[in-house]
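**Student:** Contents of final-v8.txt (compact mmCIF, C-alpha atoms):
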# COMPACT_ATOMS: atom_id res chain seq x y z
CA MET P 1 148.74 321.55 170.34
CA THR P 2 151.15 318.86 171.52
CA ASP P 3 150.50 319.88 175.15
CA THR P 4 147.16 318.11 175.07
CA VAL P 5 147.89 315.08 172.91
CA LEU P 6 146.47 311.83 174.23
CA LEU P 7 146.95 308.39 172.69
CA THR P 8 144.62 305.70 174.01
CA ALA P 9 144.54 301.98 173.21
CA SER P 10 141.54 300.10 174.60
CA ASP P 11 141.36 296.32 174.87
CA LEU P 12 143.42 295.64 171.73
CA SER P 13 143.40 292.11 170.34
CA LYS P 14 144.72 290.75 167.06
CA VAL P 15 144.09 287.42 165.37
CA PHE P 16 146.12 286.35 162.32
CA ASN P 17 145.07 283.14 160.55
CA ARG P 18 143.04 282.00 163.59
CA ARG P 19 146.06 282.53 165.85
CA MET P 20 145.64 285.02 168.68
CA ILE P 21 148.74 287.25 168.70
CA PHE P 22 147.69 289.10 171.87
CA ARG P 23 144.52 290.25 173.58
CA GLY P 24 143.28 292.76 176.11
CA ILE P 25 146.02 295.38 175.75
CA SER P 26 145.10 298.81 177.05
CA PHE P 27 147.17 301.89 177.80
CA THR P 28 147.07 305.67 177.67
CA VAL P 29 150.01 307.90 176.81
CA SER P 30 149.91 311.68 177.04
CA ALA P 31 152.23 314.51 176.01
CA ARG P 32 155.86 314.27 177.17
CA GLU P 33 155.38 310.64 178.11
CA THR P 34 157.26 307.72 176.61
CA LEU P 35 155.99 304.19 176.06
CA LEU P 36 158.19 301.13 175.60
CA ILE P 37 156.70 298.10 173.84
CA THR P 38 158.80 295.03 174.34
CA GLY P 39 158.54 291.29 173.93
CA ARG P 40 160.19 288.36 172.23
CA ASN P 41 160.30 287.94 168.43
CA GLY P 42 156.81 287.33 167.04
CA SER P 43 155.08 288.61 170.16
CA GLY P 44 153.35 291.42 168.20
CA LYS P 45 155.42 294.57 168.84
CA SER P 46 155.25 295.72 165.23
CA THR P 47 151.56 294.74 165.08
CA ILE P 48 150.76 297.11 167.94
CA VAL P 49 152.82 299.89 166.36
CA LYS P 50 150.92 299.45 163.08
CA MET P 51 147.61 299.55 164.94
CA LEU P 52 148.57 302.76 166.75
CA ALA P 53 149.53 304.38 163.43
CA GLY P 54 146.24 303.34 161.82
CA LEU P 55 147.98 300.96 159.38
CA LEU P 56 146.34 297.84 160.77
CA THR P 57 142.84 297.34 162.15
CA PRO P 58 142.60 295.57 165.52
CA THR P 59 140.43 292.43 165.57
CA VAL P 60 138.94 293.81 168.79
CA GLY P 61 139.50 297.14 170.49
CA THR P 62 140.11 300.75 169.48
CA VAL P 63 142.92 303.25 169.17
CA THR P 64 142.10 306.93 169.55
CA LEU P 65 144.25 310.00 169.29
CA ALA P 66 142.99 313.25 170.77
CA LEU P 67 144.65 316.58 170.01
CA GLY P 68 143.57 319.63 171.96
CA GLY P 69 140.80 317.55 173.54
CA ARG P 70 139.34 316.61 170.12
CA ALA P 71 139.46 313.09 168.67
CA GLU P 72 141.23 312.89 165.31
CA GLY P 73 139.31 310.94 162.72
CA GLU P 74 140.46 310.65 159.10
CA ARG P 75 143.72 312.48 159.78
CA HIS P 76 144.66 309.97 162.49
CA ALA P 77 147.65 308.53 160.60
CA MET P 78 148.97 311.94 159.62
CA ASN P 79 149.67 312.86 163.23
CA PHE P 80 152.24 310.10 163.46
CA GLY P 81 155.85 309.87 162.49
CA LEU P 82 156.97 306.28 162.09
CA VAL P 83 160.40 304.73 161.64
CA SER P 84 160.37 300.99 161.13
CA PRO P 85 162.03 298.23 159.11
CA TYR P 86 158.84 297.59 157.08
CA LEU P 87 158.37 301.22 156.03
CA GLN P 88 160.16 301.74 152.72
CA MET P 89 161.25 304.92 150.94
CA TYR P 90 160.93 305.51 147.19
CA ASP P 91 164.36 304.31 146.15
CA GLU P 92 164.38 305.81 142.65
CA PHE P 93 164.20 309.24 144.29
CA SER P 94 166.83 311.05 146.34
CA ALA P 95 166.59 311.63 150.10
CA GLU P 96 165.69 315.26 149.40
CA GLU P 97 162.88 314.27 147.04
CA ASN P 98 161.54 311.69 149.50
CA ILE P 99 161.33 314.32 152.24
CA ARG P 100 159.66 316.73 149.83
CA PHE P 101 157.05 314.02 149.15
CA ALA P 102 156.57 313.63 152.89
CA PHE P 103 155.39 317.24 152.91
CA SER P 104 153.42 317.45 149.69
CA ILE P 105 151.55 314.13 149.94
CA ARG P 106 150.46 315.15 153.43
CA GLY P 107 149.00 318.24 151.78
CA LEU P 108 151.67 320.57 153.22
CA LYS P 109 153.82 323.03 151.31
CA PRO P 110 157.43 321.77 151.26
CA ASP P 111 159.54 323.90 153.62
CA GLU P 112 163.01 324.10 152.03
CA ASP P 113 164.72 325.29 155.23
CA ARG P 114 163.15 322.45 157.18
CA ILE P 115 164.21 319.93 154.51
CA ALA P 116 167.81 321.20 154.62
CA GLY P 117 167.73 321.09 158.44
CA LEU P 118 166.43 317.50 158.48
CA LEU P 119 169.07 316.35 155.98
CA ALA P 120 171.75 317.95 158.15
CA LEU P 121 170.27 316.37 161.29
CA VAL P 122 170.41 312.86 159.83
CA GLY P 123 173.84 313.48 158.29
CA LEU P 124 172.85 313.06 154.65
CA GLY P 125 173.51 316.61 153.41
CA ALA P 126 176.40 315.49 151.18
CA ARG P 127 174.43 312.68 149.52
CA LYS P 128 171.01 314.37 149.46
CA GLN P 129 170.65 314.22 145.68
CA ASP P 130 171.72 310.60 145.17
CA PRO P 131 168.96 308.02 144.62
CA VAL P 132 168.06 306.17 147.82
CA ARG P 133 168.78 302.83 146.09
CA THR P 134 172.48 303.74 146.15
CA TYR P 135 172.45 304.19 149.96
CA SER P 136 173.64 301.71 152.55
CA SER P 137 171.07 300.21 154.95
CA GLY P 138 172.17 302.63 157.69
CA MET P 139 171.73 305.62 155.37
CA LYS P 140 168.28 304.38 154.40
CA GLN P 141 167.41 304.22 158.11
CA ARG P 142 168.54 307.86 158.44
CA VAL P 143 166.26 308.89 155.54
CA LYS P 144 163.36 307.27 157.41
CA TYR P 145 164.04 309.55 160.39
CA ALA P 146 164.01 312.68 158.22
CA PHE P 147 160.81 311.42 156.54
CA ALA P 148 159.11 310.75 159.88
CA LEU P 149 160.08 314.07 161.45
CA ALA P 150 159.22 316.33 158.49
CA HIS P 151 155.79 317.38 159.76
CA ARG P 152 156.81 317.64 163.46
CA PRO P 153 154.45 314.81 164.51
CA PRO P 154 152.80 314.93 167.94
CA VAL P 155 153.37 311.17 168.16
CA LEU P 156 156.69 309.63 167.10
CA MET P 157 156.87 305.85 166.92
CA LEU P 158 160.15 304.02 166.50
CA ASP P 159 160.14 300.30 165.75
CA GLU P 160 163.65 298.94 166.34
CA PRO P 161 165.07 302.51 166.33
CA MET P 162 168.76 301.65 166.24
CA ALA P 163 168.58 299.07 163.41
CA ASN P 164 171.53 299.34 160.98
CA LEU P 165 172.89 302.53 162.56
CA ASP P 166 176.53 303.27 163.42
CA SER P 167 177.59 305.12 166.57
CA ASP P 168 176.94 308.55 164.99
CA GLY P 169 173.51 307.37 163.92
CA THR P 170 172.77 306.06 167.42
CA THR P 171 173.71 309.44 168.88
CA MET P 172 171.46 311.17 166.34
CA VAL P 173 168.52 308.92 167.32
CA GLN P 174 169.08 309.56 171.02
CA GLY P 175 168.88 313.29 170.26
CA VAL P 176 165.65 312.81 168.27
CA MET P 177 164.14 310.78 171.14
CA ALA P 178 165.15 313.38 173.74
CA ASP P 179 163.64 316.16 171.63
CA GLN P 180 160.37 314.26 171.14
CA GLN P 181 160.13 313.67 174.91
CA THR P 182 160.02 317.44 175.42
CA ARG P 183 157.19 318.13 173.00
CA GLY P 184 155.01 315.08 172.33
CA ILE P 185 154.55 311.34 172.70
CA LEU P 186 157.34 308.86 172.03
CA VAL P 187 156.57 305.17 171.47
CA VAL P 188 159.47 302.74 171.07
CA ALA P 189 159.16 299.06 170.16
CA THR P 190 162.38 297.14 170.72
CA ASN P 191 164.11 294.17 172.27
CA ASP P 192 167.07 296.29 173.25
CA LEU P 193 166.36 296.90 176.92
CA GLY P 194 169.58 298.78 177.65
CA ASP P 195 167.93 301.92 178.95
CA VAL P 196 164.55 300.83 180.34
CA GLU P 197 164.33 303.49 183.06
CA ARG P 198 164.06 306.33 180.52
CA TYR P 199 160.51 305.19 179.61
CA ASP P 200 157.46 306.28 181.61
CA LYS P 201 155.27 303.30 180.65
CA GLN P 202 155.87 299.80 179.42
CA VAL P 203 153.89 297.12 177.62
CA ASN P 204 155.61 293.77 177.89
CA LEU P 205 154.07 291.42 175.33
CA ASN P 206 155.63 288.38 176.99
CA ASP P 207 153.11 288.85 179.80
CA VAL P 208 149.89 289.22 177.83
CA PRO P 209 147.30 286.47 177.31
CA ARG P 210 147.22 284.65 173.95
CA SER P 211 144.13 282.51 174.21
CA MET H 1 144.36 324.80 147.09
CA THR H 2 143.06 322.50 149.81
CA ALA H 3 145.35 320.02 151.58
CA TRP H 4 143.36 317.12 150.07
CA LEU H 5 143.76 318.42 146.50
CA ARG H 6 147.45 319.11 147.05
CA SER H 7 147.79 315.55 148.28
CA VAL H 8 146.02 314.15 145.16
CA ILE H 9 148.22 316.19 142.81
CA SER H 10 151.37 315.22 144.72
CA ILE H 11 150.60 311.51 144.34
CA TYR H 12 149.98 312.03 140.63
CA ARG H 13 153.27 313.96 140.25
CA LYS H 14 155.21 311.39 142.27
CA ASP H 15 153.91 308.60 140.03
CA TRP H 16 154.84 310.53 136.89
CA HIS H 17 158.34 311.29 138.14
CA SER H 18 158.71 307.65 139.08
CA GLU H 19 157.40 306.52 135.68
CA LEU H 20 159.72 308.86 133.79
CA ARG H 21 162.69 307.41 135.69
CA THR H 22 161.76 303.74 135.55
CA ARG H 23 159.57 303.64 132.36
CA TYR H 24 157.80 300.46 133.57
CA ALA H 25 154.30 301.30 132.31
CA ILE H 26 155.17 303.44 129.28
CA SER H 27 157.55 300.80 127.86
CA ALA H 28 155.03 297.99 128.40
CA LEU H 29 152.19 299.97 126.84
CA LEU H 30 154.17 301.07 123.78
CA MET H 31 155.66 297.64 123.13
CA PHE H 32 152.26 296.02 123.37
CA VAL H 33 150.54 298.56 121.10
CA VAL H 34 153.22 298.36 118.40
CA THR H 35 153.32 294.55 118.52
CA THR H 36 149.54 294.11 118.38
CA ILE H 37 149.03 296.60 115.55
CA SER H 38 151.83 294.89 113.60
CA ILE H 39 150.15 291.50 114.02
CA ILE H 40 146.79 292.94 112.86
CA LEU H 41 148.52 294.55 109.89
CA PHE H 42 150.21 291.29 108.86
CA SER H 43 146.96 289.33 109.34
CA LEU H 44 144.91 291.69 107.17
CA GLY H 45 147.52 292.05 104.45
CA SER H 46 146.03 294.08 101.61
CA GLU H 47 142.44 293.16 102.49
CA GLU H 48 140.04 295.82 103.71
CA ALA H 49 137.96 294.67 106.69
CA PRO H 50 134.43 296.11 107.29
CA PRO H 51 134.08 299.09 109.69
CA ASP H 52 132.55 297.05 112.57
CA VAL H 53 135.51 294.62 112.52
CA LEU H 54 138.07 297.46 112.40
CA SER H 55 136.29 299.30 115.24
CA GLY H 56 136.35 296.16 117.37
CA MET H 57 140.02 295.50 116.66
CA LEU H 58 140.98 299.07 117.65
CA TRP H 59 139.51 298.56 121.10
CA VAL H 60 141.07 295.09 121.41
CA VAL H 61 144.46 296.81 121.04
CA VAL H 62 143.47 299.45 123.61
CA PHE H 63 142.15 296.83 126.05
CA PHE H 64 145.23 294.60 126.04
CA GLY H 65 147.57 297.61 125.93
CA ALA H 66 145.87 299.01 129.01
CA MET H 67 146.06 295.62 130.73
CA SER H 68 149.81 295.54 130.24
CA GLY H 69 150.50 298.87 131.91
CA LEU H 70 147.70 300.31 134.04
CA SER H 71 148.13 297.96 136.98
CA ARG H 72 151.68 299.27 137.59
CA THR H 73 150.47 302.22 139.65
CA PHE H 74 149.48 299.97 142.57
CA VAL H 75 151.62 296.91 141.83
CA THR H 76 154.88 298.90 142.08
CA GLU H 77 153.82 300.28 145.49
CA GLU H 78 153.26 296.71 146.72
CA GLU H 79 156.42 295.30 145.16
CA ARG H 80 158.65 298.03 146.62
CA GLY H 81 156.89 297.91 149.99
CA THR H 82 155.87 301.57 149.82
CA SER H 83 152.10 300.97 150.21
CA MET H 84 152.40 301.38 153.95
CA THR H 85 154.43 304.57 153.54
CA LEU H 86 151.67 306.01 151.39
CA GLN H 87 148.99 304.90 153.87
CA LEU H 88 150.82 306.78 156.58
CA LEU H 89 150.97 309.98 154.55
CA THR H 90 147.41 310.61 153.42
CA SER H 91 143.80 309.45 153.26
CA PRO H 92 142.67 306.53 151.06
CA GLY H 93 140.48 308.93 149.05
CA ALA H 94 143.45 311.11 148.09
CA ILE H 95 145.44 308.01 147.10
CA TYR H 96 142.62 306.68 144.91
CA PHE H 97 142.09 309.96 143.07
CA GLY H 98 145.86 310.56 142.69
CA LYS H 99 146.28 307.12 141.12
CA LEU H 100 143.14 307.61 138.99
CA LEU H 101 144.54 310.90 137.67
CA PHE H 102 147.80 309.16 136.76
CA ASN H 103 145.98 306.33 134.97
CA LEU H 104 143.74 308.83 133.16
CA VAL H 105 146.73 310.62 131.69
CA LEU H 106 148.34 307.28 130.83
CA VAL H 107 145.18 306.03 129.06
CA PHE H 108 144.78 309.27 127.11
CA GLY H 109 148.42 308.98 126.02
CA LEU H 110 147.96 305.30 125.14
CA ASN H 111 144.84 306.06 123.11
CA ALA H 112 146.47 308.97 121.29
CA VAL H 113 149.37 306.74 120.21
CA THR H 114 147.18 303.71 119.43
CA ILE H 115 144.59 305.60 117.39
CA SER H 116 147.25 307.57 115.45
CA LEU H 117 149.20 304.41 114.59
CA TYR H 118 146.03 302.46 113.81
CA ALA H 119 144.68 305.20 111.50
CA ILE H 120 148.02 305.44 109.67
CA VAL H 121 148.73 301.75 109.09
CA ILE H 122 145.37 299.96 108.99
CA ASN H 123 143.80 299.99 105.56
CA GLY H 124 140.14 301.10 105.50
CA PHE H 125 139.88 302.58 109.02
CA VAL H 126 138.10 305.85 108.30
CA ILE H 127 136.19 308.04 110.75
CA ARG H 128 133.34 309.85 109.03
CA THR H 129 131.74 311.48 112.10
CA MET H 130 134.67 312.83 114.09
CA SER H 131 132.49 314.28 116.90
CA ILE H 132 131.09 310.81 117.79
CA PHE H 133 134.56 309.30 117.71
CA LEU H 134 136.14 311.99 119.91
CA VAL H 135 133.40 311.81 122.56
CA ALA H 136 133.57 307.99 122.52
CA VAL H 137 137.37 308.05 122.94
CA VAL H 138 137.23 310.59 125.79
CA LEU H 139 134.44 308.80 127.70
CA GLY H 140 135.93 305.38 126.93
CA SER H 141 139.33 306.49 128.24
CA VAL H 142 137.84 307.82 131.47
CA GLY H 143 135.87 304.58 131.94
CA PHE H 144 138.96 302.47 131.23
CA ALA H 145 141.08 304.42 133.71
CA ALA H 146 138.39 304.33 136.42
CA ALA H 147 137.84 300.57 136.19
CA ALA H 148 141.54 299.77 135.72
CA THR H 149 142.50 301.77 138.83
CA ILE H 150 140.23 299.97 141.28
CA ILE H 151 140.98 296.55 139.75
CA ALA H 152 144.72 297.29 140.06
CA ALA H 153 144.23 298.11 143.75
CA ILE H 154 142.36 294.82 144.24
CA ILE H 155 144.92 292.59 142.51
CA ALA H 156 148.06 294.37 143.79
CA ARG H 157 148.43 292.06 146.79
CA ALA H 158 147.70 288.83 144.91
CA SER H 159 150.59 286.51 144.05
CA THR H 160 149.25 285.92 140.51
CA LYS H 161 148.62 289.54 139.62
CA GLY H 162 149.89 289.19 136.01
CA THR H 163 147.11 286.80 135.00
CA LEU H 164 144.49 288.01 137.47
CA TYR H 165 144.42 291.56 136.10
CA PRO H 166 143.05 290.88 132.58
CA VAL H 167 140.84 288.02 133.86
CA LEU H 168 139.19 290.24 136.48
CA SER H 169 139.10 293.28 134.20
CA PHE H 170 137.37 291.62 131.25
CA PRO H 171 133.87 291.14 132.80
CA ILE H 172 134.04 294.57 134.44
CA LEU H 173 135.17 296.30 131.25
CA LEU H 174 132.84 294.34 128.92
CA PRO H 175 129.89 296.81 129.05
CA LEU H 176 132.31 299.67 128.40
CA LEU H 177 134.03 297.83 125.53
CA LEU H 178 130.77 296.88 123.79
CA THR H 179 129.45 300.46 124.03
CA VAL H 180 132.62 302.14 122.88
CA ILE H 181 133.02 299.66 119.98
CA ASN H 182 129.47 300.43 118.89
CA ALA H 183 130.08 304.18 119.09
CA THR H 184 133.28 303.81 117.02
CA ARG H 185 131.36 301.78 114.42
CA LEU H 186 128.71 304.53 114.21
CA ALA H 187 131.51 307.11 113.77
CA SER H 188 133.12 305.12 110.97
CA GLU H 189 129.76 304.59 109.20
CA GLY H 190 129.06 308.35 109.22
CA ALA H 191 126.04 308.29 111.58
CA PHE H 192 124.54 311.51 112.92
CA PHE H 193 125.68 312.62 116.39
CA SER H 194 122.14 312.16 117.76
CA GLU H 195 122.27 308.45 116.86
CA ALA H 196 125.13 307.91 119.30
CA VAL H 197 123.59 309.75 122.26
CA GLY H 198 122.37 306.48 123.79
CA GLU H 199 125.92 305.11 123.74
CA PHE H 200 127.25 308.25 125.44
CA GLN H 201 124.59 308.03 128.16
CA LEU H 202 125.65 304.44 128.80
CA LEU H 203 129.32 305.45 128.99
CA ILE H 204 128.59 308.32 131.40
CA SER H 205 126.47 306.01 133.60
CA TYR H 206 129.29 303.44 133.61
CA ILE H 207 131.84 306.06 134.70
CA VAL H 208 129.59 307.41 137.47
CA VAL H 209 128.86 303.90 138.81
CA VAL H 210 132.51 302.76 138.71
CA VAL H 211 133.92 305.93 140.30
CA THR H 212 131.22 306.00 143.01
CA ALA H 213 131.64 302.32 143.85
CA SER H 214 135.44 302.66 143.83
CA THR H 215 135.34 305.62 146.21
CA MET H 216 133.16 303.58 148.59
CA VAL H 217 135.21 300.36 148.58
CA PHE H 218 138.75 301.68 148.09
CA GLU H 219 139.51 302.13 151.79
CA TYR H 220 138.69 298.46 152.47
CA VAL H 221 140.66 297.28 149.44
CA TRP H 222 143.68 299.45 150.25
CA LYS H 223 144.00 298.84 153.96
CA ASP H 224 144.64 295.47 155.62
Rewrite the structure of this file - the entire thing - as structure tokens.
**Tutor:**
Amino acid sequence: MTDTVLLTASDLSKVFNRRMIFRGISFTVSARETLLITGRNGSGKSTIVKMLAGLLTPTVGTVTLALGGRAEGERHAMNFGLVSPYLQMYDEFSAEENIRFAFSIRGLKPDEDRIAGLLALVGLGARKQDPVRTYSSGMKQRVKYAFALAHRPPVLMLDEPMANLDSDGTTMVQGVMADQQTRGILVVATNDLGDVERYDKQVNLNDVPRS
Amino acid sequence: MTAWLRSVISIYRKDWHSELRTRYAISALLMFVVTTISIILFSLGSEEAPPDVLSGMLWVVVFFGAMSGLSRTFVTEEERGTSMTLQLLTSPGAIYFGKLLFNLVLVFGLNAVTISLYAIVINGFVIRTMSIFLVAVVLGSVGFAAAATIIAAIIARASTKGTLYPVLSFPILLPLLLTVINATRLASEGAFFSEAVGEFQLLISYIVVVVTASTMVFEYVWKD
């Protein structure tokens, strides 16, 4: 299925409180391609990510996701995995319970082996039953990765992917990104331009019109 | 079980697990019910109020009790910043019906506690036609939960949600309250079941209208 995934943004514009954040943004990303969204603070990186995930409606323009040549309608958002600072976990529940919710609320049967594998991947196996509110900010970021990857999304979007992570966490994220590049679409929104050449396409929001 | 139904039940179960750990809504509901019934008890003293007054007061307790707890299902999602997480996981329809199911169970629990306490401590509250009363309580509870759920979704993003919830709920719940109070009065006066059929038809119509309208507007209320 992920061989024929196609994410298309056409002429995206967003206005907040009569202020044009950006306009006329278009791009297409297909399977095994990576997209970097960059720009200064307040340029609209997170806004575009939210639009792509179906969490925010563009003022003008459309976002479409096609899987196997067929456009996804209502299930649009469920084909995405998203890690971002504004996406919160249920902190009265443990990491394990949060991942189980990620399955069941999507309408999938929780896969215990997959849950154990994800907890091991993000390095939270030893603390899997502690409430998320007792975690450090870096550990919470790791839970977000397990949550986003649970359903093996065709499109993985990472907004500030390395936020709050230590060196082990950074290595883990690089592994996740490399894996996603082999099987689907990877979209990264960041100001950290350390490794620009790894991305196939770029949207630089410093260059887009705002009037 | 379809994916949609599994999603609805999962949201309901998540909210219950969350409620059992945090006790936000249950504590607020119970405290309010006990306090209000105590005040009514002290106000009445040893006097016996007529059935129509006692019927009205029962539903006043239910209304304000519900107002203190039923908005939590959406307000907590907003306050913790998990609304977006939920949006990413499933369709707006599944979220609405999952939350409605949670509020339904909460209202039935609230009504069971309120009516039991009220019947035990309030002098002169007697139900002579139990069938009318039971149908009125069931339909009234469903109507309460349906209206409270969509209103909670609407006010969840407002900065003054505490005051906005009862203010916005009152005009929407007024037709339901008047009908259910009338049905309770008929039950306490010992009317025949056939005399209350008109009230039940009104309650069923109210539920159908509220649930249908909520299903249509929820996506726009819930998303940006």
**Student:** Identify all chain P residues at most 10 Å from chain H by counting all atoms listed in the file; ligands do not count. Present them as number ranges by chain.
**Tutor:** P: 50, 53-57, 74-82, 86-93, 97-98, 100-109, 147-148
**Student:** So what do you get for atom CA of H:Thr76 versus atom CA of P:Ser136, distance-wise?
**Tutor:**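 Pair atom CA of H:Thr76 / atom CA of P:Ser136 returns 21.7 Å.
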**Student:** Pick out the closest residue to P:Asn206 from this set: P:Lys14, P:Arg40, P:Arg32, P:Arg23. Count all atoms listed in the file.
**Tutor:**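 Closest to P:Asn206 of all the choices is P:Arg40.
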**Student:** Which polymer residues, protein or nucleic acid, are no farther than 9 Å from (135.7, 294.4, 136.5), counting only C-alpha atoms, as a ChimeraX atom specification?
**Tutor:** /H:147-148,150-151,167-174
**Student:** Choose the residue, out of P:Ser10, P:Gln202, P:Gln129, P:Thr4, that has the smallest atom-to-atom separation from P:Gly24; count all atoms listed in the file.
**Tutor:**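 Of P:Ser10, P:Gln202, P:Gln129, P:Thr4, the one nearest P:Gly24, counting all atoms listed in the file, is P:Ser10.
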**Student:** Mind pulling up the distance from atom CA of H:Asn103 to atom CA of H:Ile155?
**Tutor:**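 Taking atom CA of H:Ile155 and atom CA of H:Asn103, their separation equals 15.7 Å.
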**Student:** Enter the distance from atom CA of P:Ile21 to atom CA of P:Val188, in Å, rounded to one decimal.
**Tutor:** 19.0 Å
**Student:** When distances are computed from all atoms listed in the file, which of H:Met67, H:Met216, H:Ala146, H:Ile37 shows the smallest separation from H:Lys99?
**Tutor:**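 Ranked by minimum distance to H:Lys99, first place goes to H:Ala146.
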**Student:** Do a neighbour search on H:Leu176 at 8 Å with all atoms listed in the file, toss out local chain neighbours closer than 3 positions, and write the hits as JSON, numbers by chain.
**Tutor:** {"H": [140, 143, 144, 173, 179, 180, 203, 206]}
**Student:** I need the residue nearest P:Met157 from this list: P:Ser46, P:Asn17, P:Asn41, P:Ser30. Use all atoms listed in the file for the distance.
**Tutor:** P:Ser46
**Student:** Contacts of stretch 113-115 of chain H at 9 Å or less, counting all atoms listed in the file, minus same-chain residues fewer than 2 places along, as a VMD selection string?
**Tutor:** chain H and resid 30 33 to 34 37 58 61 to 62 65 108 to 111 117 to 120
**Student:** Using C-alpha atoms, can you export the residues from the last selection as a PDB file, in the frame of the given file?
**Tutor:**
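Ended up saving to out-v1.pdb:
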ATOM      1  CA  LEU H  30     154.170 301.070 123.780  1.00  0.00           C
ATOM      2  CA  VAL H  33     150.540 298.560 121.100  1.00  0.00           C
ATOM      3  CA  VAL H  34     153.220 298.360 118.400  1.00  0.00           C
ATOM      4  CA  ILE H  37     149.030 296.600 115.550  1.00  0.00           C
ATOM      5  CA  LEU H  58     140.980 299.070 117.650  1.00  0.00           C
ATOM      6  CA  VAL H  61     144.460 296.810 121.040  1.00  0.00           C
ATOM      7  CA  VAL H  62     143.470 299.450 123.610  1.00  0.00           C
ATOM      8  CA  GLY H  65     147.570 297.610 125.930  1.00  0.00           C
ATOM      9  CA  PHE H 108     144.780 309.270 127.110  1.00  0.00           C
ATOM     10  CA  GLY H 109     148.420 308.980 126.020  1.00  0.00           C
ATOM     11  CA  LEU H 110     147.960 305.300 125.140  1.00  0.00           C
ATOM     12  CA  ASN H 111     144.840 306.060 123.110  1.00  0.00           C
ATOM     13  CA  LEU H 117     149.200 304.410 114.590  1.00  0.00           C
ATOM     14  CA  TYR H 118     146.030 302.460 113.810  1.00  0.00           C
ATOM     15  CA  ALA H 119     144.680 305.200 111.500  1.00  0.00           C
ATOM     16  CA  ILE H 120     148.020 305.440 109.670  1.00  0.00           C
TER      17      ILE H 120
END
